[in-house]
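Enquirer: Here it is, the structure in full.
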Amino acid sequence: MNVAVTGINFLRQAEVAGRLRQLLPGDAVLYAEEDTRAYECDGLSAYRQLPMVVALPSSEDQVREVLRACHELKVPVIARGSGTGLSGGALPRGDGVLLSLSKMRRILAVDPLSRTARVQPGVTNLAISEAAAPYGLFYAPDPSSQIACSIGGNVAENSGGVHCVKYGLTVHNVLRVRAVTIEGEVVEFGSEALDSPGLDTLAILIGSEGMLAVATEITVKLLPKPETARVILASFDDVEKAGNAVADVIAAGVVPSGLEMMDRPAVRAVEEFVHAGYDLEAAALLLCEADGTREEVEEGIAGMSEVLRHAGATAIRVSGSEAERQRFWAGRKAAFPAVGRISPDYYCMDGTIPRKKLGEILKFIAEMEKKYRLRCPNVFHAGDGNLHPLILYDANKPGELEKTEEFGAEILKLCVEVGGVLTGEHGVGVEKRDLMPAMFTEIDLNQQQRLKCAFDSQGLLNPGKVFPQLHRCAELGRLHVHAGKVAFPDIPRF
């Protein structure tokens, strides 16, 4: 993939920065290179671009004014939360404004009677559960980055986490989103009722990757904290057996609150980092959790243990205390930073497949490691078939990033071929946009773009993301893809 970095027009930069400084305090508008460098990428650091201007509003009114000004000036706007995204969804543009919502981090209200919380988009995922804890409540979606990721970013990507197999993704745990369109109009999606009349526009907004509107207030559902929870740590001498065991657990009618998988390379990297007490000789580990009343947990642990033994588990350990349960989970949640310690760079993939295909995909990834001569530890949200292969590479070695991209593309194409999808929770961003035709037809993509145009007719919100070719809304009939691939010369590479 040939890449040309988008340059910054300094006259245009001065015009836009000057306009925004009329709307925001001086220190909330950044344009000097040393100030904007921190915003050049999200968690997918392989692609980088300095933004023309960074705007840091601290209220909904300021967001409205910034968007109105950008609409009038016809300036692209890329909304950004905490920057922990892994698909390049918050990759800036050299001709655009990066709208950082990190200052909007107030928890506006926690209502224990209705079991809801109203928060601003910059609030971290974990902070919501911490605020709800005194009332015996918690917010269920818990991405591995929950200590840092923002709820606004979770809404943009429809994030999940290790407990989504029982409690669902962001879309299942958000009741209402208040957002601002590119024209500066405030729109409310959903309601605080269990359901709202008309089209389900809330589900359209959640997972739209900042392409339709900018969230300024989110109302989330809170759940009663389970009375107790225990987790099984099951060892397997074969990764395919472990993959098949996941399908067996679900087929047995057991609904674990969490069902995660790691292969040996991932386990060893994690154990060196966290010392979670993992079995270093196992080819793969499964973490299977049950929560609820003590009776429900005992029944769930017994049922899952029996299924895992029949599936070929070589060892089964059950957490004997809350501290041990937390330690088991700490290892899984530290998988990404643990892998970062053993490789100069890694490329975190995100695809979803039918659970019964886990063994097949793992075997395929092992073959691709030999083909590309790159290591690939694997960690999975196995309960819902969400894969996170971690391809290890060195960006300083010529050609390794290109090989890594090809390796990842082969994994994602196979995910689609076996009946899965390109992403489970990280989004499409720039990472997967050239693979969209592998999953969607030209008609599908046109319909998706028509929805985008209904919200943003000038294509100013997060342009260049998701769609394999972003054209003017008046030209929807001109989308052309060839052999399921479109070249993208405009993604700035590190």
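Ordering of the structure tokens sets the chain letters (A, B, ...), residue numbers begin anew at 1 in every chain, and ligands are numbered from 1 in the order given.
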Can you pull out the residues contacting A:Gln62? Cut-off 9 Å, using only C-alpha atoms, and skip same-chain residues under 5 positions away; I want them as a list in words.

Expert: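 Listing them by chain and then by number gives Leu23, Leu24, Leu56, Pro57 and Leu67 of chain A.
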
Enquirer: Could you build a table of the residues in stretch 137-230 of chain A lying no more than 6 Å from stretch 406-427 of chain A, giving for each the nearest pair of atoms and their separation in Å rounded to one decimal place, using only C-alpha atoms, ordered by chain and ascending residue number, as JSON lines?

Expert:
```
{"residue": "A:Glu157", "atom": "CA", "partner": "A:Gly427", "partner_atom": "CA", "distance": 5.3}
{"residue": "A:Asn158", "atom": "CA", "partner": "A:Glu425", "partner_atom": "CA", "distance": 5.8}
{"residue": "A:Ser159", "atom": "CA", "partner": "A:Glu425", "partner_atom": "CA", "distance": 4.7}
```

Enquirer: Generate a file of the selected residues that holds N, CA and C atoms, formatted as a CSV table (one decimal), in the first residue's frame.

Expert:
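Saved result, result_33.csv, follows:
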```csv
chain,number,residue,atom,x,y,z
A,157,GLU,N,-17.8,2.7,19.0
A,157,GLU,CA,-17.4,1.4,18.5
A,157,GLU,C,-18.2,0.3,18.9
A,158,ASN,N,-19.3,0.5,19.7
A,158,ASN,CA,-20.1,-0.6,20.3
A,158,ASN,C,-19.2,-1.6,21.0
A,159,SER,N,-18.5,-1.1,22.0
A,159,SER,CA,-17.5,-2.0,22.6
A,159,SER,C,-18.2,-3.1,23.5
```

Enquirer: So which one's closest to A:Thr181, A:Ala32, A:Val16, A:Leu387, A:Leu460? Using only C-alpha atoms, please.

Expert: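 Comparing A:Ala32, A:Val16, A:Leu387, A:Leu460 against A:Thr181, the winner is A:Leu460.
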
Enquirer: Taking the DSSP assignment computed from this structure's backbone, write out as a ChimeraX atom specification all residues of stretch 221-440 of chain A that belong to alpha helix (DSSP H).

Expert: /A:239-251,264-274,294-310,322-333,335-340,358-372,400-417,436-439

Enquirer: Applying 6 Å and only C-alpha atoms, which residues near stretch 389-399 of chain A remain after dropping the ones on its own chain fewer than 3 positions away? List them as a PyMOL selection string.

Expert: chain A and resi 344-349+375-378+402

Enquirer: Using N, CA, C and O atoms, can you export the residues from the last selection as a CSV table (one decimal), in the first residue's frame?

Expert:
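Output (again-v3.csv):
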```
chain,number,residue,atom,x,y,z
A,344,PRO,N,8.6,-5.2,19.5
A,344,PRO,CA,8.6,-3.8,19.2
A,344,PRO,C,7.3,-3.2,18.9
A,344,PRO,O,6.9,-2.1,19.3
A,345,ASP,N,6.5,-4.0,18.1
A,345,ASP,CA,5.2,-3.5,17.7
A,345,ASP,C,4.2,-4.7,17.6
A,345,ASP,O,4.7,-5.9,17.5
A,346,TYR,N,2.9,-4.5,17.8
A,346,TYR,CA,2.0,-5.6,17.5
A,346,TYR,C,0.7,-5.0,16.9
A,346,TYR,O,0.4,-3.8,17.0
A,347,TYR,N,0.1,-5.8,16.1
A,347,TYR,CA,-1.1,-5.4,15.3
A,347,TYR,C,-2.3,-6.2,15.9
A,347,TYR,O,-2.3,-7.4,15.7
A,348,CYS,N,-3.2,-5.6,16.6
A,348,CYS,CA,-4.3,-6.3,17.2
A,348,CYS,C,-5.5,-6.4,16.2
A,348,CYS,O,-6.1,-5.4,15.9
A,349,MET,N,-5.8,-7.6,15.8
A,349,MET,CA,-6.9,-7.8,14.9
A,349,MET,C,-8.2,-8.0,15.7
A,349,MET,O,-8.2,-8.2,16.9
A,375,ARG,N,5.1,-14.1,14.5
A,375,ARG,CA,4.4,-14.7,15.6
A,375,ARG,C,3.0,-14.1,15.8
A,375,ARG,O,2.9,-12.9,15.5
A,376,CYS,N,2.1,-14.9,16.3
A,376,CYS,CA,0.7,-14.4,16.5
A,376,CYS,C,0.1,-15.0,17.7
A,376,CYS,O,-0.6,-16.0,17.6
A,377,PRO,N,0.4,-14.5,18.9
A,377,PRO,CA,-0.4,-14.9,20.1
A,377,PRO,C,-1.9,-14.6,19.9
A,377,PRO,O,-2.2,-13.6,19.2
A,378,ASN,N,-2.7,-15.4,20.6
A,378,ASN,CA,-4.2,-15.2,20.4
A,378,ASN,C,-4.9,-15.1,21.7
A,378,ASN,O,-4.7,-15.9,22.6
A,402,GLU,N,3.8,-4.2,6.0
A,402,GLU,CA,3.0,-4.7,4.9
A,402,GLU,C,2.7,-6.1,5.0
A,402,GLU,O,1.6,-6.6,4.8
```

Enquirer: Mind giving me the straight-line distance from atom CA of A:Tyr39 to atom CA of A:Gly88 in Å, one decimal?

Expert: 11.8 Å

Enquirer: Using DSSP on the backbone coordinates, identify all residues within stretch 350-389 of chain A classified as strand (DSSP E); present the result as a list of chain:residue names.

Expert: A:Gly351, A:Thr352, A:Asn378, A:Val379, A:Phe380, A:His381, A:Asn386, A:Leu387, A:His388, A:Pro389

Enquirer: Have a look at atom CA of A:Asp61 and atom CA of A:Val77 and let me know their distance in Å, one decimal.

Expert: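 The value is 16.4 Å.
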
Enquirer: Can you work out the spacing between atom CA of A:Phe440 and atom CA of A:Cys164 in Å, to one decimal?

Expert: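 According to the coordinates, atom CA of A:Phe440 and atom CA of A:Cys164 are separated by 25.5 Å.
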
Enquirer: Contacts of A:Ile182 at 9 Å or less, counting only C-alpha atoms, minus same-chain residues fewer than 6 places along, as a PDB file with C-alpha atoms, in the first residue's frame?

Expert:
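So around39.pdb came out as:
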```pdb
ATOM      1  CA  ARG A  64     -22.346  22.773  19.029  1.00  0.00           C
ATOM      2  CA  LEU A  67     -19.434  21.854  14.725  1.00  0.00           C
ATOM      3  CA  ARG A  68     -21.440  24.767  13.323  1.00  0.00           C
ATOM      4  CA  CYS A  70     -16.675  23.615  10.858  1.00  0.00           C
ATOM      5  CA  HIS A  71     -19.839  23.066   8.830  1.00  0.00           C
ATOM      6  CA  VAL A  77     -14.180  16.888  11.964  1.00  0.00           C
ATOM      7  CA  LEU A 212     -23.263  10.436  12.086  1.00  0.00           C
ATOM      8  CA  ALA A 213     -23.131  12.727  15.148  1.00  0.00           C
ATOM      9  CA  VAL A 214     -20.990  13.577  18.171  1.00  0.00           C
ATOM     10  CA  PHE A 455     -26.982  12.751   8.790  1.00  0.00           C
ATOM     11  CA  ASP A 456     -24.002  14.386   7.098  1.00  0.00           C
ATOM     12  CA  LEU A 460     -17.523  16.142   7.040  1.00  0.00           C
ATOM     13  CA  LEU A 461     -17.803  13.829  10.074  1.00  0.00           C
TER      14      LEU A 461
END
```

Enquirer: From the options A:Val177, A:Ser257, A:Glu281, A:Val220, which residue's atoms come nearest to A:Phe236, counting only C-alpha atoms?

Expert: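 The closest residue to A:Phe236 is A:Glu281.
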
Enquirer: Residues at most 12 Å from A:Glu272, counting only C-alpha atoms, excluding those fewer than 4 positions away in the same chain, as a PyMOL selection string?

Expert: chain A and resi 265-268+276-280+331+334-335+337-339+341-342

Enquirer: Taking only C-alpha atoms into account, name the residue in A:Ser191, A:Thr116, A:Ser59, A:Ser319 that is nearest to A:Ala203.

Expert: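 The shortest atom-to-atom distance to A:Ala203 comes from A:Ser191.
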